[in-house]
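Containing mmCIF, N, CA and C atoms: query23.cif.
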```
data_my_file
#
loop_
_atom_site.label_atom_id
_atom_site.label_comp_id
_atom_site.auth_asym_id
_atom_site.auth_seq_id
_atom_site.Cartn_x
_atom_site.Cartn_y
_atom_site.Cartn_z
N GLN U 12 -27.72 -24.13 83.61
CA GLN U 12 -28.38 -25.29 84.21
C GLN U 12 -29.00 -26.15 83.12
N VAL U 13 -28.68 -27.43 83.16
CA VAL U 13 -29.19 -28.35 82.15
C VAL U 13 -30.62 -28.73 82.48
N GLN U 14 -31.45 -28.67 81.46
CA GLN U 14 -32.84 -29.11 81.62
C GLN U 14 -33.22 -29.99 80.45
N LEU U 15 -33.86 -31.10 80.77
CA LEU U 15 -34.44 -31.98 79.77
C LEU U 15 -35.93 -32.06 80.08
N VAL U 16 -36.73 -31.71 79.12
CA VAL U 16 -38.18 -31.68 79.35
C VAL U 16 -38.85 -32.62 78.35
N GLU U 17 -39.46 -33.68 78.90
CA GLU U 17 -40.15 -34.65 78.05
C GLU U 17 -41.63 -34.25 77.88
N SER U 18 -42.19 -34.68 76.79
CA SER U 18 -43.61 -34.50 76.55
C SER U 18 -44.07 -35.56 75.56
N GLY U 19 -45.38 -35.72 75.46
CA GLY U 19 -45.93 -36.61 74.46
C GLY U 19 -46.48 -37.92 74.97
N GLY U 20 -46.33 -38.17 76.26
CA GLY U 20 -46.88 -39.41 76.79
C GLY U 20 -48.40 -39.38 76.82
N GLY U 21 -48.99 -40.51 77.13
CA GLY U 21 -50.44 -40.58 77.20
C GLY U 21 -50.92 -42.01 77.27
N SER U 22 -52.20 -42.17 77.09
CA SER U 22 -52.83 -43.49 77.12
C SER U 22 -53.35 -43.85 75.75
N VAL U 23 -52.98 -45.03 75.27
CA VAL U 23 -53.43 -45.50 73.96
C VAL U 23 -53.80 -46.97 74.08
N GLN U 24 -54.48 -47.47 73.07
CA GLN U 24 -54.79 -48.88 73.02
C GLN U 24 -53.69 -49.64 72.29
N ARG U 25 -53.71 -50.93 72.48
CA ARG U 25 -52.75 -51.80 71.78
C ARG U 25 -52.76 -51.47 70.28
N GLY U 26 -51.56 -51.37 69.72
CA GLY U 26 -51.43 -51.05 68.31
C GLY U 26 -51.36 -49.56 68.03
N GLY U 27 -51.55 -48.74 69.05
CA GLY U 27 -51.55 -47.30 68.88
C GLY U 27 -50.16 -46.71 68.72
N THR U 28 -50.14 -45.39 68.57
CA THR U 28 -48.92 -44.65 68.29
C THR U 28 -48.79 -43.46 69.22
N LEU U 29 -47.56 -43.20 69.65
CA LEU U 29 -47.24 -41.99 70.40
C LEU U 29 -45.87 -41.49 69.94
N ARG U 30 -45.66 -40.19 70.06
CA ARG U 30 -44.33 -39.63 69.82
C ARG U 30 -43.92 -38.82 71.03
N LEU U 31 -42.83 -39.24 71.63
CA LEU U 31 -42.27 -38.53 72.77
C LEU U 31 -41.24 -37.52 72.29
N SER U 32 -41.18 -36.39 72.99
CA SER U 32 -40.20 -35.36 72.68
C SER U 32 -39.38 -35.06 73.92
N CYS U 33 -38.12 -34.73 73.71
CA CYS U 33 -37.23 -34.34 74.80
C CYS U 33 -36.49 -33.09 74.36
N ALA U 34 -36.86 -31.96 74.94
CA ALA U 34 -36.22 -30.69 74.61
C ALA U 34 -35.10 -30.41 75.61
N ALA U 35 -33.91 -30.18 75.09
CA ALA U 35 -32.74 -29.95 75.92
C ALA U 35 -32.38 -28.47 75.94
N SER U 36 -32.05 -27.98 77.12
CA SER U 36 -31.57 -26.61 77.24
C SER U 36 -30.40 -26.57 78.22
N GLY U 37 -29.54 -25.58 78.06
CA GLY U 37 -28.38 -25.45 78.93
C GLY U 37 -27.41 -26.59 78.75
N TYR U 38 -27.41 -27.20 77.59
CA TYR U 38 -26.64 -28.41 77.37
C TYR U 38 -26.02 -28.37 75.99
N THR U 39 -24.76 -28.81 75.90
CA THR U 39 -24.12 -28.90 74.60
C THR U 39 -24.68 -30.11 73.87
N TYR U 40 -25.61 -29.85 73.03
CA TYR U 40 -26.42 -30.90 72.42
C TYR U 40 -25.62 -31.75 71.43
N SER U 41 -24.69 -31.15 70.75
CA SER U 41 -24.04 -31.85 69.66
C SER U 41 -23.00 -32.85 70.16
N SER U 42 -22.83 -33.88 69.39
CA SER U 42 -21.77 -34.86 69.60
C SER U 42 -21.75 -35.44 70.99
N ASN U 43 -22.88 -35.88 71.41
CA ASN U 43 -22.94 -36.57 72.69
C ASN U 43 -24.10 -37.54 72.65
N CYS U 44 -24.23 -38.27 73.70
CA CYS U 44 -25.25 -39.31 73.75
C CYS U 44 -26.51 -38.79 74.39
N MET U 45 -27.63 -39.18 73.81
CA MET U 45 -28.93 -38.98 74.42
C MET U 45 -29.70 -40.27 74.28
N GLY U 46 -30.61 -40.49 75.21
CA GLY U 46 -31.33 -41.75 75.17
C GLY U 46 -32.69 -41.68 75.82
N TRP U 47 -33.48 -42.66 75.51
CA TRP U 47 -34.78 -42.86 76.13
C TRP U 47 -34.72 -44.13 76.97
N PHE U 48 -35.18 -44.00 78.19
CA PHE U 48 -35.23 -45.11 79.11
C PHE U 48 -36.65 -45.25 79.62
N ARG U 49 -36.98 -46.41 80.15
CA ARG U 49 -38.31 -46.56 80.72
C ARG U 49 -38.21 -47.41 81.98
N GLN U 50 -39.20 -47.17 82.84
CA GLN U 50 -39.24 -47.92 84.09
C GLN U 50 -40.69 -48.22 84.43
N ALA U 51 -41.00 -49.49 84.52
CA ALA U 51 -42.32 -49.93 84.94
C ALA U 51 -42.27 -50.20 86.44
N PRO U 52 -43.41 -50.14 87.12
CA PRO U 52 -43.43 -50.38 88.56
C PRO U 52 -42.80 -51.73 88.91
N GLY U 53 -41.87 -51.69 89.88
CA GLY U 53 -41.23 -52.91 90.34
C GLY U 53 -40.14 -53.44 89.44
N LYS U 54 -39.84 -52.70 88.39
CA LYS U 54 -38.81 -53.16 87.46
C LYS U 54 -37.66 -52.16 87.40
N GLU U 55 -36.52 -52.65 86.93
CA GLU U 55 -35.36 -51.79 86.79
C GLU U 55 -35.52 -50.90 85.56
N ARG U 56 -34.89 -49.72 85.63
CA ARG U 56 -34.91 -48.83 84.48
C ARG U 56 -34.14 -49.47 83.33
N GLU U 57 -34.72 -49.46 82.14
CA GLU U 57 -34.06 -50.09 81.00
C GLU U 57 -33.89 -49.09 79.87
N GLY U 58 -32.83 -49.28 79.14
CA GLY U 58 -32.57 -48.44 77.97
C GLY U 58 -33.42 -48.90 76.80
N VAL U 59 -34.16 -47.98 76.22
CA VAL U 59 -35.04 -48.30 75.10
C VAL U 59 -34.36 -47.97 73.78
N ALA U 60 -33.81 -46.77 73.70
CA ALA U 60 -33.16 -46.33 72.46
C ALA U 60 -32.17 -45.22 72.80
N THR U 61 -31.05 -45.21 72.09
CA THR U 61 -30.08 -44.14 72.28
C THR U 61 -29.66 -43.60 70.91
N ILE U 62 -29.14 -42.38 70.94
CA ILE U 62 -28.65 -41.78 69.71
C ILE U 62 -27.41 -40.96 70.02
N ASN U 63 -26.42 -41.05 69.15
CA ASN U 63 -25.26 -40.19 69.20
C ASN U 63 -25.59 -38.97 68.35
N THR U 64 -25.72 -37.82 68.98
CA THR U 64 -26.18 -36.65 68.25
C THR U 64 -25.15 -36.11 67.27
N GLY U 65 -23.92 -36.63 67.34
CA GLY U 65 -22.92 -36.23 66.37
C GLY U 65 -22.86 -37.18 65.18
N THR U 66 -22.76 -38.48 65.46
CA THR U 66 -22.64 -39.46 64.37
C THR U 66 -24.00 -40.00 63.92
N HIS U 67 -25.04 -39.76 64.70
CA HIS U 67 -26.40 -40.25 64.42
C HIS U 67 -26.52 -41.76 64.56
N SER U 68 -25.53 -42.41 65.13
CA SER U 68 -25.64 -43.84 65.39
C SER U 68 -26.71 -44.08 66.44
N THR U 69 -27.43 -45.17 66.28
CA THR U 69 -28.53 -45.47 67.19
C THR U 69 -28.41 -46.87 67.77
N PHE U 70 -29.09 -47.05 68.88
CA PHE U 70 -29.24 -48.35 69.53
C PHE U 70 -30.71 -48.53 69.87
N TYR U 71 -31.19 -49.76 69.73
CA TYR U 71 -32.56 -50.09 70.15
C TYR U 71 -32.54 -51.37 70.96
N ALA U 72 -33.31 -51.38 72.02
CA ALA U 72 -33.52 -52.62 72.75
C ALA U 72 -34.26 -53.61 71.85
N ASN U 73 -33.98 -54.88 72.03
CA ASN U 73 -34.61 -55.90 71.19
C ASN U 73 -36.14 -55.82 71.26
N SER U 74 -36.64 -55.46 72.42
CA SER U 74 -38.09 -55.44 72.62
C SER U 74 -38.81 -54.36 71.81
N VAL U 75 -38.04 -53.38 71.30
CA VAL U 75 -38.69 -52.29 70.56
C VAL U 75 -38.21 -52.17 69.12
N LYS U 76 -37.26 -52.99 68.73
CA LYS U 76 -36.74 -52.91 67.35
C LYS U 76 -37.85 -53.11 66.34
N GLY U 77 -37.84 -52.24 65.35
CA GLY U 77 -38.85 -52.33 64.31
C GLY U 77 -40.12 -51.59 64.65
N ARG U 78 -40.27 -51.18 65.90
CA ARG U 78 -41.48 -50.45 66.31
C ARG U 78 -41.19 -49.01 66.73
N PHE U 79 -40.05 -48.80 67.37
CA PHE U 79 -39.68 -47.47 67.86
C PHE U 79 -38.56 -46.89 67.00
N THR U 80 -38.57 -45.56 66.88
CA THR U 80 -37.52 -44.87 66.15
C THR U 80 -37.10 -43.64 66.94
N ILE U 81 -35.79 -43.52 67.19
CA ILE U 81 -35.25 -42.35 67.85
C ILE U 81 -34.68 -41.42 66.78
N SER U 82 -34.91 -40.12 66.95
CA SER U 82 -34.42 -39.15 65.97
C SER U 82 -34.12 -37.84 66.67
N GLN U 83 -33.50 -36.93 65.93
CA GLN U 83 -33.12 -35.67 66.52
C GLN U 83 -33.43 -34.53 65.58
N ASP U 84 -33.66 -33.36 66.17
CA ASP U 84 -33.82 -32.12 65.42
C ASP U 84 -32.84 -31.13 66.03
N ASN U 85 -31.72 -30.93 65.35
CA ASN U 85 -30.67 -30.09 65.92
C ASN U 85 -31.11 -28.65 66.08
N ALA U 86 -31.92 -28.17 65.18
CA ALA U 86 -32.37 -26.78 65.26
C ALA U 86 -33.20 -26.53 66.51
N LYS U 87 -33.87 -27.56 66.98
CA LYS U 87 -34.73 -27.43 68.16
C LYS U 87 -34.10 -28.04 69.41
N ASN U 88 -32.89 -28.57 69.30
CA ASN U 88 -32.25 -29.24 70.44
C ASN U 88 -33.19 -30.27 71.05
N THR U 89 -33.80 -31.04 70.19
CA THR U 89 -34.84 -31.97 70.64
C THR U 89 -34.59 -33.35 70.07
N VAL U 90 -34.81 -34.34 70.92
CA VAL U 90 -34.75 -35.74 70.51
C VAL U 90 -36.15 -36.33 70.63
N TYR U 91 -36.51 -37.16 69.68
CA TYR U 91 -37.84 -37.75 69.64
C TYR U 91 -37.77 -39.27 69.77
N LEU U 92 -38.87 -39.83 70.23
CA LEU U 92 -39.03 -41.28 70.20
C LEU U 92 -40.40 -41.56 69.59
N GLN U 93 -40.39 -42.01 68.35
CA GLN U 93 -41.62 -42.40 67.68
C GLN U 93 -41.93 -43.84 68.06
N MET U 94 -43.10 -44.06 68.63
CA MET U 94 -43.47 -45.38 69.11
C MET U 94 -44.71 -45.86 68.35
N ASN U 95 -44.54 -46.90 67.57
CA ASN U 95 -45.62 -47.48 66.79
C ASN U 95 -45.94 -48.88 67.31
N SER U 96 -47.09 -49.38 66.94
CA SER U 96 -47.50 -50.74 67.31
C SER U 96 -47.30 -50.99 68.80
N LEU U 97 -47.78 -50.08 69.59
CA LEU U 97 -47.56 -50.17 71.04
C LEU U 97 -48.26 -51.38 71.63
N LYS U 98 -47.61 -51.94 72.65
CA LYS U 98 -48.10 -53.12 73.34
C LYS U 98 -48.30 -52.80 74.81
N PRO U 99 -49.15 -53.54 75.49
CA PRO U 99 -49.33 -53.29 76.94
C PRO U 99 -48.01 -53.36 77.71
N GLU U 100 -47.09 -54.19 77.27
CA GLU U 100 -45.80 -54.31 77.97
C GLU U 100 -44.91 -53.09 77.76
N ASP U 101 -45.31 -52.16 76.91
CA ASP U 101 -44.58 -50.90 76.76
C ASP U 101 -44.99 -49.89 77.83
N THR U 102 -46.00 -50.21 78.61
CA THR U 102 -46.46 -49.31 79.66
C THR U 102 -45.36 -49.06 80.67
N ALA U 103 -45.04 -47.79 80.90
CA ALA U 103 -43.96 -47.42 81.81
C ALA U 103 -43.86 -45.90 81.86
N MET U 104 -43.05 -45.42 82.79
CA MET U 104 -42.62 -44.03 82.78
C MET U 104 -41.41 -43.96 81.87
N TYR U 105 -41.45 -43.04 80.92
CA TYR U 105 -40.35 -42.89 79.97
C TYR U 105 -39.55 -41.65 80.33
N TYR U 106 -38.23 -41.83 80.36
CA TYR U 106 -37.32 -40.76 80.73
C TYR U 106 -36.34 -40.49 79.59
N CYS U 107 -36.04 -39.21 79.43
CA CYS U 107 -34.98 -38.79 78.52
C CYS U 107 -33.71 -38.58 79.34
N ALA U 108 -32.58 -38.96 78.78
CA ALA U 108 -31.30 -38.79 79.46
C ALA U 108 -30.27 -38.27 78.48
N ALA U 109 -29.26 -37.58 79.04
CA ALA U 109 -28.23 -37.00 78.18
C ALA U 109 -26.89 -36.96 78.90
N ASP U 110 -25.86 -36.84 78.10
CA ASP U 110 -24.50 -36.60 78.57
C ASP U 110 -23.87 -37.81 79.22
N ILE U 111 -22.87 -38.30 78.57
CA ILE U 111 -22.20 -39.50 79.03
C ILE U 111 -20.71 -39.27 78.93
N GLN U 112 -19.96 -39.80 79.89
CA GLN U 112 -18.52 -39.70 79.84
C GLN U 112 -17.99 -40.72 78.85
N GLY U 113 -16.92 -40.41 78.24
CA GLY U 113 -16.33 -41.37 77.31
C GLY U 113 -16.70 -41.06 75.88
N ASP U 114 -16.05 -41.75 74.98
CA ASP U 114 -16.18 -41.51 73.56
C ASP U 114 -16.84 -42.73 72.92
N TYR U 115 -18.07 -42.57 72.49
CA TYR U 115 -18.81 -43.68 71.92
C TYR U 115 -19.30 -43.33 70.53
N ASP U 116 -19.44 -44.35 69.69
CA ASP U 116 -20.20 -44.18 68.46
C ASP U 116 -21.64 -44.59 68.76
N VAL U 117 -21.84 -45.82 69.10
CA VAL U 117 -23.16 -46.27 69.54
C VAL U 117 -23.25 -46.04 71.04
N CYS U 118 -24.19 -45.22 71.45
CA CYS U 118 -24.31 -44.86 72.85
C CYS U 118 -24.91 -46.02 73.64
N PRO U 119 -24.35 -46.32 74.79
CA PRO U 119 -24.81 -47.48 75.56
C PRO U 119 -26.16 -47.23 76.23
N PRO U 120 -26.92 -48.29 76.46
CA PRO U 120 -28.24 -48.16 77.10
C PRO U 120 -28.19 -48.33 78.61
N THR U 121 -27.05 -48.02 79.21
CA THR U 121 -26.86 -48.23 80.64
C THR U 121 -27.19 -46.93 81.37
N PHE U 122 -28.25 -46.97 82.17
CA PHE U 122 -28.79 -45.72 82.70
C PHE U 122 -27.81 -45.00 83.63
N TYR U 123 -26.98 -45.76 84.34
CA TYR U 123 -26.12 -45.13 85.34
C TYR U 123 -24.99 -44.31 84.72
N GLU U 124 -24.81 -44.43 83.41
CA GLU U 124 -23.75 -43.67 82.75
C GLU U 124 -24.20 -42.27 82.33
N TYR U 125 -25.47 -41.97 82.40
CA TYR U 125 -25.99 -40.70 81.94
C TYR U 125 -26.10 -39.72 83.10
N ASN U 126 -25.72 -38.48 82.83
CA ASN U 126 -25.63 -37.49 83.89
C ASN U 126 -26.88 -36.65 84.08
N TYR U 127 -27.65 -36.46 83.05
CA TYR U 127 -28.81 -35.58 83.14
C TYR U 127 -30.07 -36.34 82.76
N TRP U 128 -31.13 -36.03 83.48
CA TRP U 128 -32.40 -36.74 83.29
C TRP U 128 -33.57 -35.77 83.29
N GLY U 129 -34.57 -36.11 82.51
CA GLY U 129 -35.82 -35.39 82.56
C GLY U 129 -36.71 -35.93 83.66
N GLN U 130 -37.88 -35.34 83.78
CA GLN U 130 -38.79 -35.71 84.86
C GLN U 130 -39.65 -36.93 84.53
N GLY U 131 -39.68 -37.30 83.28
CA GLY U 131 -40.43 -38.48 82.87
C GLY U 131 -41.80 -38.14 82.32
N THR U 132 -42.27 -39.00 81.44
CA THR U 132 -43.62 -38.88 80.90
C THR U 132 -44.23 -40.28 80.85
N GLN U 133 -45.46 -40.39 81.31
CA GLN U 133 -46.10 -41.70 81.44
C GLN U 133 -46.69 -42.16 80.11
N VAL U 134 -46.42 -43.42 79.80
CA VAL U 134 -47.03 -44.08 78.65
C VAL U 134 -47.82 -45.28 79.15
N THR U 135 -49.10 -45.32 78.82
CA THR U 135 -49.95 -46.43 79.23
C THR U 135 -50.62 -47.02 78.00
N VAL U 136 -50.44 -48.32 77.82
CA VAL U 136 -51.02 -49.01 76.67
C VAL U 136 -51.99 -50.06 77.21
N SER U 137 -53.23 -49.93 76.81
CA SER U 137 -54.25 -50.87 77.28
C SER U 137 -54.54 -51.92 76.21
N SER U 138 -54.99 -53.07 76.67
CA SER U 138 -55.28 -54.15 75.74
C SER U 138 -56.75 -54.15 75.33
#
```
Re-express the file's structure as structure tokens.
Amino acid sequence: QVQLVESGGGSVQRGGTLRLSCAASGYTYSSNCMGWFRQAPGKEREGVATINTGTHSTFYANSVKGRFTISQDNAKNTVYLQMNSLKPEDTAMYYCAADIQGDYDVCPPTFYEYNYWGQGTQVTVSS
């Protein structure tokens, strides 16, 4: 059974830092897509960052480029999202997702293509 468990969310002030973790189990971690998505109340789920765990290619949404970094630790089957210079508009529930059909180098940020999801971790940034 595939499980993705997120952690690391919390409440910070503008300009603060958080690091999210997504630990994968029961899943072939290598050479597939994993990503971080977020959803704010009343808004559609959006792709924030993705990583190909085989090629290490990454994607970032324009809104987070230069501030967020996605990375992986193969020994721990864990993907991270380092979030710096946080803004109030980053406030959302953040979800980890994994496993996508098809062969990609840069993994797409389209949420409906991912098969497995974590339960989410809340990030709140106050001004």
Notebook entry, point to check: With distances taken over all atoms listed in the file, which of U:Ala103, U:Val13, U:Ile62, U:Cys44 is nearest to Ser82 of chain U?
Noted result: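 Result for the nearest residue to Ser82 of chain U: U:Ile62.
Applied to the file shown here, the PyMOL selection byres ((chain U and resi 23) around 7) selects Gly21, Ser22, Gln24, Arg25, Gly26, Gly27, Thr28, Val134, Thr135, Val136, Ser137 and Ser138 of chain U.
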Notebook entry, point to check: the PyMOL selection byres ((chain U and resi 123-132) around 7) on the file shown: which residues, as a PyMOL selection string?
Noted result: chain U and resi 14-21+103-112+120-122+133-134
Margin query: To one decimal place in Å, what is the distance between atom CA of Met94 of chain U and atom CA of Leu29 of chain U?
Written below: 5.2 Å
Next item on the list: Decode the PyMOL selection byres ((chain U and resi 48) around 5) for the given file into explicit residues and return them as a PyMOL selection string.
Entry: chain U and resi 46-47+49-50+57-59+105-106
Output file for the residues above (N, CA and C atoms, as a CSV table (one decimal), in the coordinates of the input):
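The result, written out as result-v3.csv:
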```csv
chain,number,residue,atom,x,y,z
U,46,GLY,N,-30.6,-40.5,75.2
U,46,GLY,CA,-31.3,-41.8,75.2
U,46,GLY,C,-32.7,-41.7,75.8
U,47,TRP,N,-33.5,-42.7,75.5
U,47,TRP,CA,-34.8,-42.9,76.1
U,47,TRP,C,-34.7,-44.1,77.0
U,49,ARG,N,-37.0,-46.4,80.2
U,49,ARG,CA,-38.3,-46.6,80.7
U,49,ARG,C,-38.2,-47.4,82.0
U,50,GLN,N,-39.2,-47.2,82.8
U,50,GLN,CA,-39.2,-47.9,84.1
U,50,GLN,C,-40.7,-48.2,84.4
U,57,GLU,N,-34.7,-49.5,82.1
U,57,GLU,CA,-34.1,-50.1,81.0
U,57,GLU,C,-33.9,-49.1,79.9
U,58,GLY,N,-32.8,-49.3,79.1
U,58,GLY,CA,-32.6,-48.4,78.0
U,58,GLY,C,-33.4,-48.9,76.8
U,59,VAL,N,-34.2,-48.0,76.2
U,59,VAL,CA,-35.0,-48.3,75.1
U,59,VAL,C,-34.4,-48.0,73.8
U,105,TYR,N,-41.4,-43.0,80.9
U,105,TYR,CA,-40.4,-42.9,80.0
U,105,TYR,C,-39.6,-41.6,80.3
U,106,TYR,N,-38.2,-41.8,80.4
U,106,TYR,CA,-37.3,-40.8,80.7
U,106,TYR,C,-36.3,-40.5,79.6
```
Next item on the list: Just give me the gap between atom CA of Lys54 of chain U and atom N of Ser36 of chain U in Å, one decimal is fine.
Entry: 28.0 Å
Next item on the list: From a DSSP calculation on the backbone, collect every residue of chain U in strand (DSSP E) and output the set as a ChimeraX atom specification.
Entry: /U:14-18,21-24,29-36,44-50,57-63,69-71,79-84,89-94,103-111,125-128,132-137
Note to self: Quick check, in Å to one decimal: how far apart do atom CA of Arg78 of chain U and atom CA of Asn95 of chain U lie?
What the structure shows: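 So the two atoms, atom CA of Arg78 of chain U and atom CA of Asn95 of chain U, lie 5.1 Å apart.
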Check: Within 12 Å of (-16.7, -42.3, 73.9), in the coordinates the file gives, what residues turn up when you count only C-alpha atoms, written out as a ChimeraX atom specification?
Finding: /U:42-44,63,65-66,110-119,124
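Candidate residues U:Gln12, U:Ala35, U:Met45, U:Ser74 were compared for distance to Ala86 of chain U, and the nearest is U:Ala35, using only C-alpha atoms.
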